[in-house]
file my_file_25.txt (compact mmCIF, C-alpha atoms)
# COMPACT_ATOMS: atom_id res chain seq x y z
CA MET X 1 22.13 33.05 -5.86
CA ASP X 2 24.63 32.89 -3.00
CA ILE X 3 24.25 29.80 -0.86
CA LYS X 4 25.14 30.31 2.77
CA ARG X 5 26.31 27.35 4.83
CA ILE X 6 25.71 27.71 8.54
CA VAL X 7 27.99 25.43 10.55
CA MET X 8 26.48 24.06 13.74
CA ALA X 9 27.74 21.60 16.35
CA GLY X 10 25.68 18.47 15.93
CA GLY X 11 26.21 17.29 19.52
CA VAL X 12 24.29 20.26 20.89
CA LEU X 13 21.25 19.35 18.79
CA ALA X 14 21.11 15.66 19.67
CA THR X 15 18.17 14.87 21.94
CA ALA X 16 17.77 11.28 23.15
CA GLY X 17 14.34 9.85 22.64
CA ALA X 18 13.06 12.76 20.54
CA ILE X 19 12.52 10.73 17.38
CA GLY X 20 11.74 7.25 18.66
CA PHE X 21 7.99 7.65 18.87
CA VAL X 22 7.65 9.40 15.50
CA MET X 23 9.75 6.89 13.62
CA GLN X 24 8.19 3.80 15.18
CA ASN X 25 4.57 4.92 15.29
CA GLY X 26 4.17 7.06 12.15
CA GLU X 27 2.47 4.14 10.30
CA SER X 28 -0.53 2.52 12.11
CA ALA X 29 -1.05 -0.89 11.02
CA LYS X 30 -4.69 -1.78 10.34
CA ALA X 31 -5.43 -5.55 10.57
CA ARG X 32 -8.28 -7.16 8.61
CA TYR X 33 -10.20 -9.96 10.11
CA ALA X 34 -12.49 -12.44 8.43
CA GLY X 35 -15.75 -12.79 10.41
CA ALA X 36 -18.80 -15.02 10.11
CA SER X 37 -22.33 -13.69 10.33
CA ILE X 38 -24.85 -15.26 12.74
CA PRO X 39 -27.27 -17.44 10.76
CA GLU X 40 -31.00 -16.59 10.81
CA ILE X 41 -33.41 -19.11 12.22
CA SER X 42 -36.43 -19.29 9.93
CA GLY X 43 -39.56 -21.48 9.77
CA THR X 44 -43.32 -21.60 9.27
CA ALA X 45 -45.70 -21.37 12.23
CA SER X 46 -47.75 -24.52 12.82
CA GLU X 47 -51.41 -24.41 11.71
CA PRO X 48 -54.12 -25.33 14.26
CA LEU X 49 -55.22 -28.96 14.00
CA GLN X 50 -58.49 -29.18 12.03
CA VAL X 51 -61.16 -31.68 13.18
CA THR X 52 -63.45 -32.88 10.29
CA ASP X 53 -66.08 -35.51 9.46
CA ILE X 54 -68.18 -34.92 12.54
CA THR X 55 -71.51 -36.86 12.41
CA LEU X 56 -74.39 -35.77 14.64
CA THR X 57 -76.45 -38.65 16.04
CA SER X 58 -79.44 -38.95 18.40
CA ALA X 59 -80.74 -41.86 20.50
CA VAL X 60 -84.56 -42.59 20.10
CA ALA X 61 -86.20 -44.83 22.75
CA ASP X 62 -88.45 -47.76 21.66
CA THR X 63 -92.12 -47.62 22.68
CA GLY X 64 -92.66 -49.12 26.06
CA ALA X 65 -88.97 -49.29 26.89
CA ALA X 66 -87.65 -47.66 29.97
CA GLN X 67 -85.83 -44.49 29.30
CA THR X 68 -82.06 -44.67 29.79
CA SER X 69 -80.23 -41.86 31.38
CA ARG X 70 -77.85 -39.80 29.27
CA SER X 71 -74.87 -40.98 31.26
CA GLU X 72 -75.75 -44.64 30.79
CA LEU X 73 -76.07 -44.19 27.03
CA GLN X 74 -72.68 -42.53 26.89
CA GLU X 75 -71.06 -45.31 28.87
CA GLN X 76 -72.71 -47.91 26.62
CA SER X 77 -71.58 -46.15 23.45
CA ILE X 78 -68.01 -45.98 24.70
CA ALA X 79 -68.07 -49.65 25.66
CA GLU X 80 -69.49 -50.74 22.32
CA ALA X 81 -66.94 -48.65 20.46
CA ALA X 82 -64.16 -50.23 22.45
CA ILE X 83 -65.40 -53.75 21.73
CA GLY X 84 -66.15 -53.30 18.03
CA ALA X 85 -63.20 -51.10 16.96
CA PRO X 86 -60.02 -52.79 15.76
CA GLU X 87 -56.82 -52.20 17.69
CA GLN X 88 -54.73 -49.38 16.20
CA GLU X 89 -51.28 -48.06 17.00
CA THR X 90 -51.45 -44.57 18.34
CA ILE X 91 -49.07 -42.19 16.55
CA THR X 92 -48.52 -38.69 17.78
CA PRO X 93 -47.10 -36.59 14.94
CA GLU X 94 -44.87 -33.65 15.85
CA ILE X 95 -47.29 -31.34 14.05
CA GLU X 96 -50.07 -32.25 16.47
CA MET X 97 -47.91 -31.41 19.46
CA ALA X 98 -47.04 -28.11 17.88
CA ALA X 99 -50.73 -27.42 17.29
CA LEU X 100 -51.47 -28.02 20.95
CA GLY X 101 -49.05 -25.30 21.92
CA ASP X 102 -46.10 -27.39 23.09
CA PRO X 103 -42.73 -25.64 22.45
CA ILE X 104 -40.46 -26.87 19.69
CA ALA X 105 -36.85 -27.43 20.76
CA LEU X 106 -34.55 -25.82 18.15
CA GLU X 107 -30.86 -26.52 18.13
CA VAL X 108 -28.91 -23.31 17.54
CA VAL X 109 -25.41 -23.88 16.23
CA GLU X 110 -22.97 -21.19 17.28
CA PRO X 111 -21.07 -19.72 14.29
CA GLU X 112 -17.39 -20.48 14.02
CA PHE X 113 -15.21 -17.41 13.51
CA ALA X 114 -12.26 -17.97 11.22
CA PRO X 115 -8.87 -16.60 12.29
CA PRO X 116 -7.40 -13.64 10.41
CA VAL X 117 -6.19 -14.68 6.99
CA SER X 118 -3.99 -12.94 4.47
CA LEU X 119 -5.95 -11.20 1.76
CA CYS X 120 -3.08 -11.54 -0.67
CA SER X 121 -0.12 -13.78 -1.33
CA ILE X 122 2.88 -11.62 -0.36
CA GLU X 123 6.39 -12.99 -0.87
CA MET X 124 9.78 -11.39 -0.27
CA THR X 125 13.26 -12.83 -0.74
CA ALA X 126 16.63 -11.55 0.46
CA GLU X 127 20.00 -12.41 -1.06
CA ALA X 128 23.41 -11.10 0.01
CA SER X 129 25.50 -9.41 -2.69
CA ALA X 130 28.75 -7.45 -3.06
CA ALA X 131 29.78 -4.71 -0.61
CA ALA X 132 27.59 -6.20 2.15
CA MET X 133 24.45 -5.26 0.27
CA VAL X 134 21.21 -7.28 0.21
CA ASP X 135 19.02 -7.66 -2.87
CA LEU X 136 15.35 -7.66 -1.89
CA SER X 137 12.59 -8.86 -4.19
CA LEU X 138 8.97 -8.20 -3.18
CA SER X 139 6.00 -9.79 -4.98
CA ALA X 140 2.43 -8.81 -4.05
CA ALA X 141 0.17 -9.11 -7.09
CA CYS X 142 -2.93 -7.67 -5.41
CA TYR X 143 -1.07 -4.57 -4.15
CA PRO X 144 -0.14 -2.67 -7.33
CA ASN X 145 1.10 0.91 -6.94
CA GLU X 146 0.83 0.53 -3.18
CA ARG X 147 2.75 2.34 -0.44
CA VAL X 148 4.94 -0.01 1.60
CA THR X 149 7.35 0.45 4.52
CA PHE X 150 10.60 -1.48 5.03
CA HIS X 151 12.16 -2.15 8.44
CA HIS X 152 15.70 -3.36 9.02
CA ASN X 153 17.61 -3.21 12.31
CA GLY X 154 16.17 0.19 13.28
CA MET X 155 16.24 1.66 9.78
CA MET X 156 12.87 2.50 8.15
CA PHE X 157 11.99 3.83 4.72
CA THR X 158 8.91 4.11 2.51
CA GLU X 159 8.68 2.77 -1.04
CA ALA X 160 5.91 1.87 -3.51
CA THR X 161 5.23 -1.23 -5.60
CA ASP X 162 4.93 -1.01 -9.38
CA GLU X 163 1.80 -1.61 -11.47
CA THR X 164 2.20 -5.40 -11.07
CA GLY X 165 2.74 -5.29 -7.31
CA ASN X 166 6.49 -5.99 -7.55
CA LEU X 167 9.48 -4.12 -6.11
CA ASN X 168 13.22 -4.83 -6.27
CA LEU X 169 15.74 -3.02 -4.07
CA SER X 170 19.37 -3.19 -3.05
CA VAL X 171 19.69 -2.31 0.64
CA PRO X 172 22.83 -1.94 2.80
CA ALA X 173 22.90 -4.56 5.55
CA LEU X 174 23.25 -3.25 9.11
CA SER X 175 23.77 -6.64 10.74
CA GLU X 176 25.40 -9.90 9.71
CA ASN X 177 22.16 -11.78 10.35
CA ALA X 178 20.06 -9.38 8.30
CA VAL X 179 16.29 -9.49 8.84
CA PHE X 180 13.97 -7.39 6.66
CA ILE X 181 10.27 -6.77 7.29
CA VAL X 182 7.90 -5.18 4.80
CA SER X 183 4.43 -3.92 5.75
CA PHE X 184 1.52 -2.46 3.83
CA ALA X 185 -0.88 0.15 5.22
CA ASN X 186 -3.49 -2.49 6.16
CA GLY X 187 -1.04 -4.54 8.25
CA GLU X 188 -0.29 -7.22 5.64
CA GLY X 189 3.39 -7.90 5.05
CA ALA X 190 6.25 -10.36 4.76
CA LEU X 191 9.66 -11.15 6.24
CA ALA X 192 12.96 -12.27 4.74
CA ASN X 193 16.44 -12.78 6.12
CA THR X 194 19.92 -13.68 4.96
CA LYS X 195 23.49 -13.91 6.26
CA VAL X 196 25.91 -11.08 5.34
CA PRO X 197 29.35 -12.14 6.60
CA SER X 198 31.16 -9.46 4.56
CA LEU X 199 29.71 -6.67 6.74
CA GLU X 200 32.80 -6.87 8.97
CA PHE X 201 34.82 -5.26 6.16
CA TYR X 202 32.70 -2.11 6.05
CA ASP X 203 31.64 0.84 8.22
CA ARG X 204 28.17 2.28 7.72
CA MET X 205 26.49 5.56 8.75
CA VAL X 206 22.79 6.25 8.34
CA VAL X 207 20.70 9.40 8.63
CA GLN X 208 16.93 8.87 8.49
CA SER X 209 13.98 11.21 8.77
CA LYS X 210 10.91 12.31 6.82
CA ALA X 211 11.45 13.28 3.20
CA SER X 212 10.53 16.90 3.92
CA SER X 213 13.40 17.31 6.39
CA GLY X 214 15.99 17.90 3.64
CA LEU X 215 18.79 16.02 5.46
CA HIS X 216 21.72 14.55 3.53
CA ILE X 217 25.06 12.87 4.29
CA ASN X 218 28.35 14.30 3.00
CA ALA X 219 31.64 12.42 3.32
CA PHE X 220 35.04 14.05 2.72
CA GLU X 221 37.57 11.29 2.14
CA PHE X 222 41.28 11.81 2.89
CA GLY X 223 41.21 15.60 3.13
CA ALA X 224 38.92 16.30 0.19
CA ALA X 225 37.19 19.68 0.07
CA TYR X 226 33.65 20.49 -0.99
CA ARG X 227 33.02 19.26 -4.58
CA ASP X 228 36.48 17.65 -4.83
CA GLU X 229 36.80 14.11 -6.15
CA GLY X 230 36.86 12.73 -2.61
CA HIS X 231 33.63 14.54 -1.68
CA VAL X 232 30.98 11.82 -1.62
CA ASN X 233 27.25 12.49 -1.51
CA ALA X 234 24.11 11.02 -3.06
CA ASN X 235 24.91 12.68 -6.41
CA SER X 236 28.63 11.92 -6.68
CA GLY X 237 28.23 8.82 -8.83
CA ARG X 238 30.05 6.43 -6.49
CA THR X 239 28.75 2.84 -6.50
CA MET X 240 29.16 -0.32 -4.47
CA ALA X 241 31.72 -1.48 -7.05
CA ASP X 242 34.05 1.33 -5.85
CA ALA X 243 33.70 0.10 -2.27
CA ALA X 244 34.14 -3.57 -3.20
CA LYS X 245 37.46 -2.68 -4.90
CA GLY X 246 38.64 -0.52 -2.00
CA HIS X 247 38.55 2.73 -4.01
CA GLY X 248 36.30 4.57 -1.56
CA GLY X 249 32.83 4.83 -0.13
CA PHE X 250 29.42 5.35 -1.67
CA ILE X 251 25.98 6.54 -0.58
CA THR X 252 22.70 4.67 -0.97
CA SER X 253 19.44 6.65 -0.98
CA LEU X 254 16.39 4.77 0.28
CA GLY X 255 12.77 5.85 0.24
CA ASP X 256 10.31 7.30 -2.26
CA GLY X 257 9.86 10.95 -1.36
CA VAL X 258 6.78 11.22 -3.59
CA GLN X 259 4.78 9.19 -1.06
CA GLY X 260 3.02 11.41 1.47
CA GLU X 261 4.89 11.73 4.78
CA ALA X 262 7.47 9.31 3.41
CA LEU X 263 10.33 8.01 5.56
CA VAL X 264 13.70 8.22 3.83
CA ALA X 265 17.28 7.26 4.66
CA GLU X 266 20.77 7.84 3.30
CA VAL X 267 23.50 5.31 4.04
CA TYR X 268 27.23 5.96 3.65
CA THR X 269 29.31 2.79 3.21
CA PHE X 270 33.10 2.79 3.48
CA PRO X 271 35.43 -0.24 2.95
CA ILE X 272 37.33 0.18 6.21
CA GLU X 273 39.26 -3.11 5.89
CA THR X 274 40.11 -2.96 2.18
CA ALA X 275 40.68 0.77 1.53
CA GLN X 276 43.66 1.46 -0.70
CA LYS X 277 44.44 4.74 1.08
CA GLN X 278 44.97 5.72 4.69
CA GLY X 279 43.93 8.83 6.52
CA ASP X 280 40.74 10.38 7.87
CA VAL X 281 37.23 10.44 6.48
CA HIS X 282 35.12 13.32 7.77
CA VAL X 283 31.35 12.77 7.72
CA SER X 284 28.78 15.54 8.19
CA VAL X 285 25.02 15.96 7.80
CA ASP X 286 23.55 18.88 5.85
CA ALA X 287 20.03 20.25 6.18
CA GLU X 288 18.84 22.36 3.28
CA VAL X 289 16.36 25.11 4.17
CA THR X 290 13.35 24.63 1.91
CA THR X 291 9.78 25.88 1.73
CA ALA X 292 8.71 22.51 3.16
CA ASN X 293 10.79 22.71 6.36
CA CYS X 294 11.53 26.41 6.96
CA GLY X 295 10.56 27.61 10.42
CA LEU X 296 9.94 24.07 11.67
CA ARG X 297 11.69 21.73 14.07
CA ILE X 298 12.67 18.55 12.27
CA GLU X 299 13.42 15.22 13.89
CA ALA X 300 15.89 12.66 12.63
CA GLN X 301 18.02 9.74 13.70
CA THR X 302 21.56 8.59 12.98
CA LEU X 303 22.74 4.97 13.04
CA GLU X 304 26.39 3.87 12.98
CA VAL X 305 27.75 0.35 12.49
CA ARG X 306 31.53 -0.17 12.64
CA ARG X 307 32.94 -3.49 11.42
CA ALA X 308 29.68 -5.33 12.21
CA SER X 309 29.89 -4.29 15.88
CA ALA X 310 27.03 -3.00 18.05
CA MET X 311 25.03 -0.17 16.53
CA LYS X 312 25.25 3.38 17.85
CA VAL X 313 21.94 5.29 17.72
CA GLN X 314 21.50 9.04 18.15
CA ASP X 315 18.26 11.06 18.02
CA VAL X 316 18.33 14.59 16.66
CA THR X 317 16.00 17.59 16.94
CA LEU X 318 16.92 20.51 14.70
CA PRO X 319 15.27 23.97 14.49
CA ILE X 320 15.23 25.19 10.87
CA PRO X 321 15.60 28.95 10.20
CA ALA X 322 12.69 31.05 8.99
CA CYS X 323 11.55 30.97 5.38
CA ASP X 324 13.65 34.01 4.39
CA ALA X 325 16.62 31.60 4.58
CA VAL X 326 15.30 29.22 1.91
CA GLY X 327 18.25 27.95 -0.16
CA ASP X 328 20.72 28.02 2.72
CA PHE X 329 22.24 24.93 4.35
CA LEU X 330 22.82 23.95 7.95
CA VAL X 331 25.96 21.82 8.36
CA LEU X 332 25.85 19.56 11.41
CA GLN X 333 29.40 18.83 12.49
CA ASN X 334 30.40 16.00 14.86
CA LEU X 335 27.01 14.38 14.58
CA ILE X 336 28.67 11.29 13.07
CA GLN X 337 32.10 10.18 14.23
CA ASP X 338 34.91 10.53 11.68
CA LEU X 339 36.65 7.45 10.33
CA LYS X 340 40.29 6.66 10.97
CA VAL X 341 41.62 4.57 8.09
CA ALA X 342 44.91 2.77 8.64
CA ARG X 343 46.96 1.07 5.92
CA ASN X 344 46.10 -2.65 5.71

call {"tool": "encode", "arguments": {"input": "my_file_25.txt", "output": "structure tokens"}}
result
Amino acid sequence: MDIKRIVMAGGVLATAGAIGFVMQNGESAKARYAGASIPEISGTASEPLQVTDITLTSAVADTGAAQTSRSELQEQSIAEAAIGAPEQETITPEIEMAALGDPIALEVVEPEFAPPVSLCSIEMTAEASAAAMVDLSLSAACYPNERVTFHHNGMMFTEATDETGNLNLSVPALSENAVFIVSFANGEGALANTKVPSLEFYDRMVVQSKASSGLHINAFEFGAAYRDEGHVNANSGRTMADAAKGHGGFITSLGDGVQGEALVAEVYTFPIETAQKQGDVHVSVDAEVTTANCGLRIEAQTLEVRRASAMKVQDVTLPIPACDAVGDFLVLQNLIQDLKVARN
């Protein structure tokens, strides 16, 4: 099948701000909070006070004696009881007060709500390595086979842990003080950082988008043509060892495209200070027309770091041809600035 390559000027397609919202807000973090339930107040209603041992008595007057009025007899009985009865301490049990209808004062303790706590022990380490790369090691035992997103200096990509919750990656540093953040779908995550002083010896170019966009970096070192030895892409077999020795650049692919709506990135690294040749390095971005992106407008972002200087960021919106063009490529020229390599 003939593959057509449609050359387009990348500068015309760059639209500032077009990708910022999609890249930064595509994954909504969901935080879990640990709450405390309000305790129930339970008890048994007080029973009415029962009065027992009641003895009925009657007063019978002696023959010939004057009758005594009822009130006088009552007063006499009370007086006699008071004189003859022993002194006793009066005790008023709480149950009697409850039986008489007095309210019981209950102390209600307000529940204490615990602050959000991590549901899992998540650890990540970062260690600088050759060619200004950083080795990341993620350990999250209770997140096996789990989708996870990495963030580093504006670059984002989606990966997945293995069946034990572990993940090891080698990531190109985009700043000398490299900070990496990892986040799971529920908002849990970790942070790691390390110093990468060797970044000043390298230039780096990044193109990032969704996996379905079909975007890829191609570098043509020192006049190389398509598929020549100096043509570097994700499949060319170049490694960081080539860059560390000054032989040429290499491309790192980041992101697991199998994950739904995955974020992916390709990073081209060139040893600008230690290159053994001099000349120009032309860098372009290709977009393959596939059944996943045909007829759509795709959004992407490019990042450029030269000798550890300030990063250049460019947002891109690209209309993809209709599906009858599946298999063709769009070549975006001038989207990334070419490299000028002088003899050192």

call {"tool": "closest_residue", "arguments": {"input": "my_file_25.txt", "among": "X:Lys312, X:Arg238, X:Arg227, X:Lys340", "to": "Ile272 (chain X)", "atoms": "only C-alpha atoms"}}
result
X:Lys340

call {"tool": "closest_residue", "arguments": {"input": "my_file_25.txt", "among": "X:Thr161, X:Ser284, X:Ser212, X:Ser175", "to": "Val134 (chain X)", "atoms": "all atoms listed in the file"}}
result
X:Ser175

call {"tool": "closest_residue", "arguments": {"input": "my_file_25.txt", "among": "X:Val283, X:Leu335, X:Val182, X:Val171", "to": "Gly223 (chain X)", "atoms": "all atoms listed in the file"}}
result
X:Val283

call {"tool": "closest_residue", "arguments": {"input": "my_file_25.txt", "among": "X:Leu191, X:Val179, X:Ala225, X:Met155", "to": "Val264 (chain X)", "atoms": "all atoms listed in the file"}}
result
X:Met155

call {"tool": "closest_residue", "arguments": {"input": "my_file_25.txt", "among": "X:Val148, X:Leu330, X:Met156, X:Ala128", "to": "Gly187 (chain X)", "atoms": "only C-alpha atoms"}}
result
X:Val148

call {"tool": "atom_distance", "arguments": {"input": "my_file_25.txt", "atom1": "CA of Leu296 (chain X)", "atom2": "CA of Phe329 (chain X)"}}
result
14.3 Å

call {"tool": "atom_distance", "arguments": {"input": "my_file_25.txt", "atom1": "CA of Ala131 (chain X)", "atom2": "CA of Ala244 (chain X)"}}
result
5.2 Å

call {"tool": "closest_residue", "arguments": {"input": "my_file_25.txt", "among": "X:Glu176, X:Met133, X:Glu229, X:Asp280", "to": "Thr252 (chain X)", "atoms": "all atoms listed in the file"}}
result
X:Met133

call {"tool": "atom_distance", "arguments": {"input": "my_file_25.txt", "atom1": "CA of Arg307 (chain X)", "atom2": "CA of Glu221 (chain X)"}}
result
18.1 Å

call {"tool": "residues_around", "arguments": {"input": "my_file_25.txt", "residues": "Gly255 (chain X)", "least_positions_apart": "4", "cutoff": "9 Å", "atoms": "only C-alpha atoms", "output": "mmCIF file with C-alpha atoms, in the coordinates of the input"}}
result
data_model
loop_
_atom_site.group_PDB
_atom_site.id
_atom_site.type_symbol
_atom_site.label_atom_id
_atom_site.label_comp_id
_atom_site.auth_asym_id
_atom_site.auth_seq_id
_atom_site.Cartn_x
_atom_site.Cartn_y
_atom_site.Cartn_z
ATOM 1 C CA THR X 149 7.350 0.450 4.520
ATOM 2 C CA MET X 156 12.870 2.500 8.150
ATOM 3 C CA PHE X 157 11.990 3.830 4.720
ATOM 4 C CA THR X 158 8.910 4.110 2.510
ATOM 5 C CA GLU X 159 8.680 2.770 -1.040
ATOM 6 C CA ALA X 160 5.910 1.870 -3.510
ATOM 7 C CA ALA X 211 11.450 13.280 3.200
ATOM 8 C CA GLN X 259 4.780 9.190 -1.060
ATOM 9 C CA ALA X 262 7.470 9.310 3.410
ATOM 10 C CA LEU X 263 10.330 8.010 5.560
ATOM 11 C CA VAL X 264 13.700 8.220 3.830
ATOM 12 C CA ALA X 265 17.280 7.260 4.660
ATOM 13 C CA GLU X 266 20.770 7.840 3.300
#

call {"tool": "residues_near_point", "arguments": {"input": "my_file_25.txt", "point": "(18.5, 16.0, 5.5)", "cutoff": "9 Å", "atoms": "only C-alpha atoms", "output": "list in words"}}
result
Val207, Gln208, Ser209, Lys210, Ala211, Ser212, Ser213, Gly214, Leu215, His216, Ile217, Ala265, Glu266, Val285, Asp286, Ala287, Glu288 and Ala300 of chain X

call {"tool": "residues_around", "arguments": {"input": "my_file_25.txt", "residues": "Ser236 (chain X)", "least_positions_apart": "4", "cutoff": "10 Å", "atoms": "all atoms listed in the file", "output": "mmCIF file with C-alpha atoms, in the frame of the given file"}}
result
data_model
loop_
_atom_site.group_PDB
_atom_site.id
_atom_site.type_symbol
_atom_site.label_atom_id
_atom_site.label_comp_id
_atom_site.auth_asym_id
_atom_site.auth_seq_id
_atom_site.Cartn_x
_atom_site.Cartn_y
_atom_site.Cartn_z
ATOM 1 C CA ASN X 218 28.350 14.300 3.000
ATOM 2 C CA ARG X 227 33.020 19.260 -4.580
ATOM 3 C CA ASP X 228 36.480 17.650 -4.830
ATOM 4 C CA GLU X 229 36.800 14.110 -6.150
ATOM 5 C CA GLY X 230 36.860 12.730 -2.610
ATOM 6 C CA HIS X 231 33.630 14.540 -1.680
ATOM 7 C CA VAL X 232 30.980 11.820 -1.620
ATOM 8 C CA PHE X 250 29.420 5.350 -1.670
ATOM 9 C CA ILE X 251 25.980 6.540 -0.580
#

call {"tool": "decode", "arguments": {"input": "my_file_25.txt", "residues": "region 168-176 of chain X", "atoms": "all heavy atoms", "output": "PDB file, in the first residue's frame"}}
result
ATOM      1  N   ASN X 168       8.517   0.100  37.791  1.00  0.00           N
ATOM      2  CA  ASN X 168       9.834   0.697  37.642  1.00  0.00           C
ATOM      3  C   ASN X 168       9.950   1.332  36.260  1.00  0.00           C
ATOM      4  O   ASN X 168       9.631   0.694  35.254  1.00  0.00           O
ATOM      5  CB  ASN X 168      10.934  -0.357  37.830  1.00  0.00           C
ATOM      6  CG  ASN X 168      10.933  -0.953  39.225  1.00  0.00           C
ATOM      7  OD1 ASN X 168      10.970  -0.238  40.218  1.00  0.00           O
ATOM      8  ND2 ASN X 168      10.882  -2.277  39.303  1.00  0.00           N
ATOM      9  N   LEU X 169      10.408   2.582  36.235  1.00  0.00           N
ATOM     10  CA  LEU X 169      10.510   3.324  34.978  1.00  0.00           C
ATOM     11  C   LEU X 169      11.813   4.109  34.930  1.00  0.00           C
ATOM     12  O   LEU X 169      12.373   4.485  35.968  1.00  0.00           O
ATOM     13  CB  LEU X 169       9.347   4.319  34.840  1.00  0.00           C
ATOM     14  CG  LEU X 169       7.917   3.792  34.744  1.00  0.00           C
ATOM     15  CD1 LEU X 169       6.943   4.962  34.828  1.00  0.00           C
ATOM     16  CD2 LEU X 169       7.723   3.024  33.447  1.00  0.00           C
ATOM     17  N   SER X 170      12.258   4.395  33.714  1.00  0.00           N
ATOM     18  CA  SER X 170      13.367   5.311  33.495  1.00  0.00           C
ATOM     19  C   SER X 170      12.819   6.489  32.699  1.00  0.00           C
ATOM     20  O   SER X 170      12.351   6.319  31.564  1.00  0.00           O
ATOM     21  CB  SER X 170      14.505   4.620  32.728  1.00  0.00           C
ATOM     22  OG  SER X 170      15.616   5.482  32.603  1.00  0.00           O
ATOM     23  N   VAL X 171      12.855   7.674  33.297  1.00  0.00           N
ATOM     24  CA  VAL X 171      12.184   8.848  32.734  1.00  0.00           C
ATOM     25  C   VAL X 171      13.200   9.956  32.478  1.00  0.00           C
ATOM     26  O   VAL X 171      14.036  10.252  33.339  1.00  0.00           O
ATOM     27  CB  VAL X 171      11.087   9.355  33.693  1.00  0.00           C
ATOM     28  CG1 VAL X 171      10.370  10.569  33.119  1.00  0.00           C
ATOM     29  CG2 VAL X 171      10.092   8.240  33.995  1.00  0.00           C
ATOM     30  N   PRO X 172      13.157  10.609  31.317  1.00  0.00           N
ATOM     31  CA  PRO X 172      14.051  11.742  31.058  1.00  0.00           C
ATOM     32  C   PRO X 172      13.715  12.922  31.973  1.00  0.00           C
ATOM     33  O   PRO X 172      12.555  13.310  32.091  1.00  0.00           O
ATOM     34  CB  PRO X 172      13.770  12.092  29.594  1.00  0.00           C
ATOM     35  CG  PRO X 172      13.108  10.877  29.016  1.00  0.00           C
ATOM     36  CD  PRO X 172      12.331  10.275  30.143  1.00  0.00           C
ATOM     37  N   ALA X 173      14.728  13.465  32.624  1.00  0.00           N
ATOM     38  CA  ALA X 173      14.519  14.634  33.474  1.00  0.00           C
ATOM     39  C   ALA X 173      14.352  15.880  32.600  1.00  0.00           C
ATOM     40  O   ALA X 173      15.040  16.052  31.599  1.00  0.00           O
ATOM     41  CB  ALA X 173      15.696  14.813  34.420  1.00  0.00           C
ATOM     42  N   LEU X 174      13.438  16.755  33.017  1.00  0.00           N
ATOM     43  CA  LEU X 174      13.208  18.014  32.308  1.00  0.00           C
ATOM     44  C   LEU X 174      13.633  19.220  33.136  1.00  0.00           C
ATOM     45  O   LEU X 174      13.454  20.364  32.703  1.00  0.00           O
ATOM     46  CB  LEU X 174      11.727  18.142  31.923  1.00  0.00           C
ATOM     47  CG  LEU X 174      11.165  17.036  31.020  1.00  0.00           C
ATOM     48  CD1 LEU X 174       9.706  17.308  30.701  1.00  0.00           C
ATOM     49  CD2 LEU X 174      11.980  16.911  29.731  1.00  0.00           C
ATOM     50  N   SER X 175      14.189  18.965  34.309  1.00  0.00           N
ATOM     51  CA  SER X 175      14.726  20.038  35.148  1.00  0.00           C
ATOM     52  C   SER X 175      15.809  19.449  36.030  1.00  0.00           C
ATOM     53  O   SER X 175      15.791  18.245  36.345  1.00  0.00           O
ATOM     54  CB  SER X 175      13.628  20.682  36.007  1.00  0.00           C
ATOM     55  OG  SER X 175      13.045  19.720  36.870  1.00  0.00           O
ATOM     56  N   GLU X 176      16.777  20.289  36.421  1.00  0.00           N
ATOM     57  CA  GLU X 176      17.878  19.796  37.235  1.00  0.00           C
ATOM     58  C   GLU X 176      17.401  19.375  38.620  1.00  0.00           C
ATOM     59  O   GLU X 176      17.900  18.416  39.185  1.00  0.00           O
ATOM     60  CB  GLU X 176      18.962  20.870  37.336  1.00  0.00           C
ATOM     61  CG  GLU X 176      19.708  21.090  36.017  1.00  0.00           C
ATOM     62  CD  GLU X 176      20.809  22.123  36.158  1.00  0.00           C
ATOM     63  OE1 GLU X 176      20.505  23.265  36.560  1.00  0.00           O
ATOM     64  OE2 GLU X 176      21.973  21.778  35.878  1.00  0.00           O
TER      65      GLU X 176
END
